[in-house]
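Working notes for the structure below.
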Amino acid sequence: MADPQILRERFNQIRSKRDSLLRLLEQPNLGTLRIDVNQALEELDDLIDDFNRTFPESNFPQN
């Protein structure tokens, strides 16, 4: 099993990508890719929720 601190660091890297997805979603010429970006955001938000339940001391805010 992985060290909880390593998991937190790796999760921080993943979570930092959320802002990139939000910026991408603001692009007016996204077309049908918008559906995929929305889905990725929803799944990332679910992952953040799951992580917060597993490691409540990390307490990442939900955007």
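Ordering of the structure tokens sets the chain letters (A, B, ...); residue numbers start at 1 within each chain; ligands are numbered from 1 in the order shown.
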
Which polymer residues have any atom within 12 Å of an atom of stretch 32-47 of chain A, counting only C-alpha atoms, with same-chain residues fewer than 2 positions away left out, as a ChimeraX atom specification? /A:11-12,14-30,49-55,60-63

If you run DSSP on the backbone here, which positions in stretch 2-61 of chain A get helix (DSSP H, G or I)? Please write them as a PyMOL selection string. chain A and resi 4-15+18-25+33-54
